[in-house]
>>> print(open('start23.pdb').read())   # PDB, C-alpha atoms and all ligand atoms
ATOM      1  CA  MET L   1       7.527  -1.040  23.568
ATOM      2  CA  VAL L   2       7.933   0.620  20.210
ATOM      3  CA  GLY L   3      10.341  -1.007  17.778
ATOM      4  CA  VAL L   4      11.283  -0.879  14.122
ATOM      5  CA  ASN L   5      11.740  -3.904  11.883
ATOM      6  CA  GLN L   6      13.892  -4.347   8.823
ATOM      7  CA  ASN L   7      11.317  -2.620   6.583
ATOM      8  CA  ASP L   8      11.272   0.421   8.900
ATOM      9  CA  GLU L   9       7.741  -0.430  10.020
ATOM     10  CA  GLU L  10       6.994   0.602  13.564
ATOM     11  CA  TYR L  11       5.750  -1.714  16.312
ATOM     12  CA  PRO L  12       3.189  -2.065  17.557
ATOM     13  CA  MET L  13       1.603  -1.967  14.116
ATOM     14  CA  LYS L  14      -2.037  -1.046  13.666
ATOM     15  CA  ALA L  15      -4.171  -3.376  11.559
ATOM     16  CA  ALA L  16      -5.216  -0.384   9.432
ATOM     17  CA  ASP L  17      -1.538   0.193   8.554
ATOM     18  CA  PHE L  18      -0.928  -3.405   7.484
ATOM     19  CA  ASN L  19       0.132  -3.636   3.846
ATOM     20  CA  MET L  20       0.613  -7.083   2.372
ATOM     21  CA  GLN L  21       2.817  -5.661  -0.396
ATOM     22  CA  GLN L  22       5.309  -4.615   2.277
ATOM     23  CA  ALA L  23       4.754  -7.528   4.643
ATOM     24  CA  LEU L  24       5.505 -10.294   2.144
ATOM     25  CA  GLN L  25       9.150 -11.243   1.862
ATOM     26  CA  PHE L  26       9.927 -12.734  -1.531
ATOM     27  CA  GLN L  27      12.947 -15.046  -1.587
ATOM     28  CA  PRO L  28      12.767 -16.760  -4.986
ATOM     29  CA  GLN L  29      16.486 -17.566  -4.795
ATOM     30  CA  HIS L  30      15.586 -19.919  -1.928
ATOM     31  CA  GLY L  31      12.130 -20.902  -3.214
ATOM     32  CA  LEU L  32      10.544 -19.217  -0.204
ATOM     33  CA  LEU L  33       7.827 -16.666   0.471
ATOM     34  CA  LYS L  34       7.185 -15.391   3.983
ATOM     35  CA  LEU L  35       4.485 -13.413   5.746
ATOM     36  CA  GLY L  36       5.996 -12.321   9.032
ATOM     37  CA  ASP L  37       7.729 -15.438  10.327
ATOM     38  CA  SER L  38       5.290 -17.829   8.569
ATOM     39  CA  ARG L  39       6.069 -19.514   5.294
ATOM     40  CA  VAL L  40       3.161 -19.038   2.870
ATOM     41  CA  ILE L  41       2.495 -20.165  -0.685
ATOM     42  CA  VAL L  42       0.555 -18.721  -3.592
ATOM     43  CA  MET L  43      -1.883 -21.313  -4.849
ATOM     44  CA  GLY L  44      -4.676 -21.143  -7.409
ATOM     45  CA  ILE L  45      -8.120 -21.490  -5.856
ATOM     46  CA  GLU L  46      -9.131 -24.093  -8.467
ATOM     47  CA  ALA L  47      -7.073 -26.503  -6.365
ATOM     48  CA  ILE L  48      -9.509 -25.924  -3.493
ATOM     49  CA  GLY L  49     -12.418 -26.609  -5.853
ATOM     50  CA  SER L  50     -10.762 -29.903  -6.759
ATOM     51  CA  LEU L  51     -10.257 -30.672  -3.077
ATOM     52  CA  TYR L  52     -13.992 -30.143  -2.447
ATOM     53  CA  GLN L  53     -14.797 -32.424  -5.362
ATOM     54  CA  GLU L  54     -12.489 -35.166  -4.097
ATOM     55  CA  LEU L  55     -13.811 -34.896  -0.540
ATOM     56  CA  PHE L  56     -17.338 -35.354  -1.909
ATOM     57  CA  ASN L  57     -16.207 -38.224  -4.139
ATOM     58  CA  VAL L  58     -14.954 -40.001  -1.027
ATOM     59  CA  GLY L  59     -18.562 -39.741   0.090
ATOM     60  CA  ASP L  60     -18.367 -38.874   3.774
ATOM     61  CA  ILE L  61     -19.621 -35.285   3.921
ATOM     62  CA  ILE L  62     -19.444 -35.010   7.716
ATOM     63  CA  ALA L  63     -15.804 -36.104   7.670
ATOM     64  CA  ALA L  64     -15.110 -33.618   4.873
ATOM     65  CA  GLN L  65     -16.624 -30.807   6.937
ATOM     66  CA  VAL L  66     -14.598 -31.775  10.004
ATOM     67  CA  VAL L  67     -11.359 -31.971   8.022
ATOM     68  CA  MET L  68     -11.889 -28.593   6.357
ATOM     69  CA  ARG L  69     -12.988 -26.953   9.602
ATOM     70  CA  ARG L  70      -9.978 -28.243  11.555
ATOM     71  CA  PHE L  71      -7.654 -27.323   8.700
ATOM     72  CA  GLY L  72      -9.057 -23.779   8.884
ATOM     73  CA  GLU L  73      -8.878 -23.667  12.672
ATOM     74  CA  ALA L  74      -5.196 -24.625  12.721
ATOM     75  CA  ASN L  75      -4.566 -21.998  10.053
ATOM     76  CA  GLY L  76      -6.435 -19.318  12.039
ATOM     77  CA  ARG L  77      -4.604 -20.110  15.280
ATOM     78  CA  GLU L  78      -1.226 -20.017  13.572
ATOM     79  CA  ARG L  79      -2.062 -16.739  11.848
ATOM     80  CA  ALA L  80      -3.120 -15.173  15.159
ATOM     81  CA  ARG L  81       0.134 -16.313  16.761
ATOM     82  CA  MET L  82       2.184 -14.852  13.913
ATOM     83  CA  VAL L  83       0.324 -11.515  14.095
ATOM     84  CA  LYS L  84       0.973 -11.254  17.828
ATOM     85  CA  ASP L  85       4.649 -12.203  17.569
ATOM     86  CA  VAL L  86       5.514 -10.167  14.480
ATOM     87  CA  PHE L  87       3.219  -7.123  14.416
ATOM     88  CA  LYS L  88       2.766  -6.845  18.193
ATOM     89  CA  PRO L  89      -0.775  -5.344  18.222
ATOM     90  CA  GLU L  90      -1.248  -3.114  21.256
ATOM     91  CA  ASN L  91      -4.507  -4.678  22.484
ATOM     92  CA  GLN L  92      -7.000  -7.487  21.776
ATOM     93  CA  MET L  93      -9.177  -5.378  19.473
ATOM     94  CA  GLU L  94      -6.191  -4.468  17.310
ATOM     95  CA  TRP L  95      -5.081  -8.110  17.336
ATOM     96  CA  LEU L  96      -8.596  -9.126  16.279
ATOM     97  CA  ALA L  97      -8.645  -6.476  13.530
ATOM     98  CA  PHE L  98      -5.633  -8.043  11.829
ATOM     99  CA  GLY L  99      -7.767 -11.145  11.125
ATOM    100  CA  PRO L 100     -10.208  -9.607   8.608
ATOM    101  CA  THR L 101      -7.527  -7.202   7.353
ATOM    102  CA  ILE L 102      -5.212 -10.050   6.348
ATOM    103  CA  HIS L 103      -8.131 -12.067   4.946
ATOM    104  CA  ALA L 104      -8.963  -9.198   2.593
ATOM    105  CA  TRP L 105      -5.308  -8.831   1.523
ATOM    106  CA  GLU L 106      -5.047 -12.594   0.993
ATOM    107  CA  GLY L 107      -7.955 -12.431  -1.426
ATOM    108  CA  VAL L 108     -10.101 -15.033   0.334
ATOM    109  CA  GLY L 109     -12.975 -12.521   0.453
ATOM    110  CA  LEU L 110     -14.079  -9.314   2.166
ATOM    111  CA  PRO L 111     -15.141  -9.681   5.805
ATOM    112  CA  LYS L 112     -17.141  -6.986   7.604
ATOM    113  CA  LEU L 113     -17.703  -7.033  11.343
ATOM    114  CA  ALA L 114     -21.470  -6.760  11.953
ATOM    115  CA  VAL L 115     -21.744  -7.549  15.684
ATOM    116  CA  PHE L 116     -19.128  -7.755  18.403
ATOM    117  CA  GLU L 117     -19.853  -8.393  22.082
ATOM    118  CA  HIS L 118     -17.248  -9.494  24.580
ATOM    119  CA  ASP L 119     -17.365  -9.684  28.347
ATOM    120  CA  ALA L 120     -14.320 -11.547  29.595
ATOM    121  CA  ALA L 121     -15.510 -11.733  33.216
ATOM    122  CA  ALA L 122     -18.875 -13.219  32.219
ATOM    123  CA  LYS L 123     -17.232 -15.421  29.549
ATOM    124  CA  LYS L 124     -19.589 -13.891  26.967
ATOM    125  CA  PHE L 125     -18.558 -13.620  23.349
ATOM    126  CA  ARG L 126     -20.328 -13.020  20.078
ATOM    127  CA  LEU L 127     -18.820 -12.059  16.762
ATOM    128  CA  LEU L 128     -20.922 -11.851  13.624
ATOM    129  CA  VAL L 129     -19.089 -11.359  10.351
ATOM    130  CA  GLU L 130     -20.627 -10.656   6.953
ATOM    131  CA  PHE L 131     -18.337 -12.009   4.285
ATOM    132  CA  LYS L 132     -18.450 -11.003   0.624
ATOM    133  CA  ASP L 133     -16.888 -12.917  -2.234
ATOM    134  CA  SER L 134     -15.868 -16.054  -0.331
ATOM    135  CA  TYR L 135     -13.451 -17.997  -2.532
ATOM    136  CA  LEU L 136     -14.843 -21.219  -1.064
ATOM    137  CA  ALA L 137     -18.441 -20.463  -2.068
ATOM    138  CA  GLU L 138     -17.162 -19.589  -5.548
ATOM    139  CA  GLN L 139     -15.186 -22.810  -5.911
ATOM    140  CA  TYR L 140     -17.875 -25.003  -4.387
ATOM    141  CA  THR L 141     -20.484 -23.796  -6.867
ATOM    142  CA  ARG L 142     -17.990 -24.087  -9.732
ATOM    143  CA  VAL L 143     -17.448 -27.812  -9.155
ATOM    144  CA  MET L 144     -20.584 -28.903  -7.275
ATOM    145  CA  GLY L 145     -23.292 -26.436  -8.354
ATOM    146  CA  PRO L 146     -25.658 -24.708  -5.882
ATOM    147  CA  ALA L 147     -25.576 -25.915  -2.271
ATOM    148  CA  THR L 148     -28.420 -26.471   0.189
ATOM    149  CA  GLU L 149     -26.263 -25.760   3.270
ATOM    150  CA  PRO L 150     -23.384 -23.313   3.929
ATOM    151  CA  VAL L 151     -20.121 -24.693   2.538
ATOM    152  CA  CYS L 152     -17.317 -22.336   3.651
ATOM    153  CA  TRP L 153     -16.167 -24.718   6.363
ATOM    154  CA  GLN L 154     -12.515 -23.718   6.248
ATOM    155  CA  LEU L 155     -13.398 -20.044   6.805
ATOM    156  CA  ALA L 156     -15.640 -20.918   9.777
ATOM    157  CA  GLY L 157     -12.746 -22.896  11.249
ATOM    158  CA  TYR L 158     -10.295 -20.077  10.597
ATOM    159  CA  ILE L 159     -12.479 -17.457  12.314
ATOM    160  CA  ALA L 160     -13.043 -19.738  15.321
ATOM    161  CA  GLY L 161      -9.331 -20.531  15.580
ATOM    162  CA  TYR L 162      -8.213 -16.926  15.197
ATOM    163  CA  CYS L 163     -10.714 -15.589  17.763
ATOM    164  CA  SER L 164     -10.063 -18.446  20.220
ATOM    165  CA  GLU L 165      -6.376 -17.590  20.172
ATOM    166  CA  VAL L 166      -6.919 -13.831  20.595
ATOM    167  CA  PHE L 167      -9.473 -14.068  23.400
ATOM    168  CA  GLY L 168      -8.180 -17.238  25.071
ATOM    169  CA  MET L 169     -11.625 -18.847  24.839
ATOM    170  CA  ASP L 170     -12.973 -22.057  23.319
ATOM    171  CA  LEU L 171     -15.015 -20.512  20.501
ATOM    172  CA  HIS L 172     -16.968 -22.171  17.742
ATOM    173  CA  CYS L 173     -18.071 -20.541  14.504
ATOM    174  CA  ARG L 174     -21.079 -21.494  12.409
ATOM    175  CA  GLU L 175     -21.745 -20.228   8.942
ATOM    176  CA  THR L 176     -25.360 -19.034   8.947
ATOM    177  CA  LYS L 177     -25.651 -17.649   5.392
ATOM    178  CA  CYS L 178     -23.724 -18.679   2.309
ATOM    179  CA  VAL L 179     -23.462 -17.401  -1.251
ATOM    180  CA  ALA L 180     -23.239 -21.031  -2.402
ATOM    181  CA  LYS L 181     -26.856 -21.562  -1.313
ATOM    182  CA  GLY L 182     -28.084 -18.295  -2.803
ATOM    183  CA  ASP L 183     -27.613 -15.791   0.029
ATOM    184  CA  PRO L 184     -26.250 -12.325  -0.922
ATOM    185  CA  HIS L 185     -23.180 -12.864   1.260
ATOM    186  CA  CYS L 186     -21.821 -15.456   3.652
ATOM    187  CA  GLU L 187     -22.285 -14.872   7.376
ATOM    188  CA  PHE L 188     -20.286 -16.331  10.250
ATOM    189  CA  ASP L 189     -21.524 -16.432  13.841
ATOM    190  CA  THR L 190     -18.882 -17.090  16.510
ATOM    191  CA  ARG L 191     -19.802 -17.868  20.123
ATOM    192  CA  PRO L 192     -18.439 -19.906  23.044
ATOM    193  CA  ARG L 193     -18.608 -23.577  22.079
ATOM    194  CA  SER L 194     -20.816 -24.340  25.096
ATOM    195  CA  GLU L 195     -23.516 -21.972  23.745
ATOM    196  CA  TRP L 196     -23.855 -23.967  20.545
ATOM    197  CA  LEU L 197     -24.406 -27.280  22.321
TER     198      LEU L 197
HETATM  199 ZN    ZN Y 201     -20.139 -19.345   2.389
END
>>> encode(input="start23.pdb", output="structure tokens", more="lines below")
Ligand SMILES: [Zn+2]
Amino acid sequence: MVGVNQNDEEYPMKAADFNMQQALQFQPQHGLLKLGDSRVIVMGIEAIGSLYQELFNVGDIIAAQVVMRRFGEANGRERARMVKDVFKPENQMEWLAFGPTIHAWEGVGLPKLAVFEHDAAAKKFRLLVEFKDSYLAEQYTRVMGPATEPVCWQLAGYIAGYCSEVFGMDLHCRETKCVAKGDPHCEFDTRPRSEWL
């Protein structure tokens, strides 16, 4: 069904036509900012650097990774839900395409799809994303210096959550390259969770 929203944008919207400048609804008189039907905030990324530092100060790195990953996963699932409900993409590939499109507009970095394989009947899935200018790698190195392992845990969680929601599968994402450990870009590999075990 084709519809028109209050900004005269047509549904279903294509990811390529998404424009954050039009999609954001500024309501300073109420202290609110909305993207679709989700409330969002504008926050300086130094706060995330401080969060990394505090998580490391607590001393349990595994717990820090789990917290950041789950935080990202919840964020990715919610974003996928909002995209489906508000922009009504016409198929799964368009729904998927909103993920990297919104990431780029949000300023978290520039994702590029390198590999995509999906066979719903065979429960096969693989998504490889090359990611430039990750804000997490930038902030990690600012407060912690160079890393020995990938550190963009929240982004890995987000990609897994977003894709799991779109494809209705239990997907897990691992970061396989990271700028924080000296790679030219970050790289995220998403597969069915059972394949990683
Ligand atoms: Zn990274």
>>> resolve_selection(input="start23.pdb", expression="the PyMOL selection byres (((not hetatm)) within 7 of (chain Y and resi 201))", output="list of chain:residue names")
L:Ser134, L:Leu136, L:Ala137, L:Pro150, L:Val151, L:Cys152, L:Glu175, L:Lys177, L:Cys178, L:Val179, L:Ala180, L:Cys186
>>> atom_distance(input="start23.pdb", atom1="atom CA of L:Asp17", atom2="atom CA of L:Lys88")
12.7 Å
>>> closest_residue(input="start23.pdb", among="L:Thr176, L:Leu127, L:Val108, L:Asp189", to="L:Met43", atoms="all atoms listed in the file")
L:Val108
>>> resolve_selection(input="start23.pdb", expression="the PyMOL selection byres (((chain L and resi 47) around 12) and not hetatm)", output="list of chain:residue names")
L:Val42, L:Met43, L:Gly44, L:Ile45, L:Glu46, L:Ile48, L:Gly49, L:Ser50, L:Leu51, L:Tyr52, L:Gln53, L:Glu54, L:Tyr135, L:Leu136, L:Gln139, L:Tyr140, L:Arg142, L:Val143
>>> write_last_selection(input="start23.pdb", atoms="C-alpha atoms", output="PDB file, in the coordinates of the input")
ATOM      1  CA  VAL L  42       0.555 -18.721  -3.592  1.00  0.00           C
ATOM      2  CA  MET L  43      -1.883 -21.313  -4.849  1.00  0.00           C
ATOM      3  CA  GLY L  44      -4.676 -21.143  -7.409  1.00  0.00           C
ATOM      4  CA  ILE L  45      -8.120 -21.490  -5.856  1.00  0.00           C
ATOM      5  CA  GLU L  46      -9.131 -24.093  -8.467  1.00  0.00           C
ATOM      6  CA  ILE L  48      -9.509 -25.924  -3.493  1.00  0.00           C
ATOM      7  CA  GLY L  49     -12.418 -26.609  -5.853  1.00  0.00           C
ATOM      8  CA  SER L  50     -10.762 -29.903  -6.759  1.00  0.00           C
ATOM      9  CA  LEU L  51     -10.257 -30.672  -3.077  1.00  0.00           C
ATOM     10  CA  TYR L  52     -13.992 -30.143  -2.447  1.00  0.00           C
ATOM     11  CA  GLN L  53     -14.797 -32.424  -5.362  1.00  0.00           C
ATOM     12  CA  GLU L  54     -12.489 -35.166  -4.097  1.00  0.00           C
ATOM     13  CA  TYR L 135     -13.451 -17.997  -2.532  1.00  0.00           C
ATOM     14  CA  LEU L 136     -14.843 -21.219  -1.064  1.00  0.00           C
ATOM     15  CA  GLN L 139     -15.186 -22.810  -5.911  1.00  0.00           C
ATOM     16  CA  TYR L 140     -17.875 -25.003  -4.387  1.00  0.00           C
ATOM     17  CA  ARG L 142     -17.990 -24.087  -9.732  1.00  0.00           C
ATOM     18  CA  VAL L 143     -17.448 -27.812  -9.155  1.00  0.00           C
TER      19      VAL L 143
END
>>> atom_distance(input="start23.pdb", atom1="atom CA of L:Arg69", atom2="atom CA of L:Gly31")
28.8 Å
>>> build_atoms(input="start23.pdb", residues="stretch 9-20 of chain L", atoms="all heavy atoms", output="short mmCIF file (atom, residue, chain, number, x, y, z; two decimals), keeping the file's coordinate frame")
data_model
loop_
_atom_site.label_atom_id
_atom_site.label_comp_id
_atom_site.auth_asym_id
_atom_site.auth_seq_id
_atom_site.Cartn_x
_atom_site.Cartn_y
_atom_site.Cartn_z
N GLU L 9 9.11 -0.54 9.52
CA GLU L 9 7.74 -0.43 10.02
C GLU L 9 7.82 -0.39 11.53
O GLU L 9 8.62 -1.07 12.14
CB GLU L 9 6.92 -1.65 9.57
CG GLU L 9 6.65 -1.63 8.09
CD GLU L 9 6.49 -3.03 7.52
OE1 GLU L 9 6.89 -3.99 8.19
OE2 GLU L 9 5.98 -3.13 6.40
N GLU L 10 6.94 0.44 12.11
CA GLU L 10 6.99 0.60 13.56
C GLU L 10 6.11 -0.42 14.26
O GLU L 10 5.05 -0.78 13.77
CB GLU L 10 6.55 2.01 13.94
CG GLU L 10 7.63 3.04 13.69
CD GLU L 10 7.33 4.35 14.40
OE1 GLU L 10 6.34 4.43 15.13
OE2 GLU L 10 8.12 5.28 14.21
N TYR L 11 6.56 -0.88 15.43
CA TYR L 11 5.75 -1.71 16.31
C TYR L 11 5.33 -0.88 17.50
O TYR L 11 6.11 -0.04 17.93
CB TYR L 11 6.56 -2.91 16.82
CG TYR L 11 7.08 -3.82 15.77
CD1 TYR L 11 8.38 -4.29 15.83
CD2 TYR L 11 6.27 -4.22 14.73
CE1 TYR L 11 8.87 -5.15 14.88
CE2 TYR L 11 6.75 -5.08 13.75
CZ TYR L 11 8.06 -5.55 13.84
OH TYR L 11 8.54 -6.39 12.89
N PRO L 12 4.17 -1.13 18.09
CA PRO L 12 3.19 -2.06 17.56
C PRO L 12 2.54 -1.52 16.29
O PRO L 12 2.30 -0.33 16.19
CB PRO L 12 2.17 -2.18 18.70
CG PRO L 12 2.31 -0.90 19.46
CD PRO L 12 3.74 -0.48 19.33
N MET L 13 2.25 -2.41 15.35
CA MET L 13 1.60 -1.97 14.12
C MET L 13 0.09 -1.98 14.31
O MET L 13 -0.44 -2.84 15.00
CB MET L 13 1.98 -2.90 12.96
CG MET L 13 1.41 -2.45 11.62
SD MET L 13 1.66 -3.68 10.32
CE MET L 13 3.33 -3.31 9.84
N LYS L 14 -0.58 -1.03 13.68
CA LYS L 14 -2.04 -1.05 13.67
C LYS L 14 -2.51 -1.85 12.46
O LYS L 14 -1.89 -1.80 11.40
CB LYS L 14 -2.59 0.38 13.57
CG LYS L 14 -2.34 1.20 14.83
CD LYS L 14 -3.33 2.36 14.90
CE LYS L 14 -3.17 3.14 16.19
NZ LYS L 14 -3.42 2.34 17.39
N ALA L 15 -3.64 -2.56 12.66
CA ALA L 15 -4.17 -3.38 11.56
C ALA L 15 -4.43 -2.51 10.32
O ALA L 15 -4.19 -2.94 9.19
CB ALA L 15 -5.45 -4.09 12.00
N ALA L 16 -4.89 -1.27 10.55
CA ALA L 16 -5.22 -0.38 9.43
C ALA L 16 -3.97 -0.02 8.63
O ALA L 16 -4.07 0.39 7.47
CB ALA L 16 -5.90 0.88 9.94
N ASP L 17 -2.78 -0.14 9.25
CA ASP L 17 -1.54 0.19 8.55
C ASP L 17 -0.90 -1.01 7.89
O ASP L 17 0.15 -0.89 7.23
CB ASP L 17 -0.52 0.80 9.55
CG ASP L 17 -0.99 2.14 10.06
OD1 ASP L 17 -1.73 2.82 9.33
OD2 ASP L 17 -0.62 2.49 11.20
N PHE L 18 -1.51 -2.20 8.10
CA PHE L 18 -0.93 -3.40 7.48
C PHE L 18 -1.01 -3.30 5.97
O PHE L 18 -2.04 -2.91 5.41
CB PHE L 18 -1.69 -4.66 7.96
CG PHE L 18 -1.21 -5.91 7.30
CD1 PHE L 18 -0.10 -6.58 7.79
CD2 PHE L 18 -1.87 -6.44 6.19
CE1 PHE L 18 0.36 -7.75 7.18
CE2 PHE L 18 -1.42 -7.59 5.58
CZ PHE L 18 -0.32 -8.25 6.07
N ASN L 19 0.08 -3.65 5.31
CA ASN L 19 0.13 -3.64 3.85
C ASN L 19 0.83 -4.91 3.38
O ASN L 19 2.02 -5.09 3.62
CB ASN L 19 0.90 -2.39 3.37
CG ASN L 19 0.92 -2.28 1.86
OD1 ASN L 19 1.01 -3.28 1.15
ND2 ASN L 19 0.83 -1.06 1.36
N MET L 20 0.06 -5.79 2.77
CA MET L 20 0.61 -7.08 2.37
C MET L 20 1.78 -6.93 1.39
O MET L 20 2.71 -7.73 1.40
CB MET L 20 -0.50 -7.94 1.73
CG MET L 20 -0.10 -9.34 1.40
SD MET L 20 0.03 -10.39 2.88
CE MET L 20 -1.60 -11.12 2.92
#
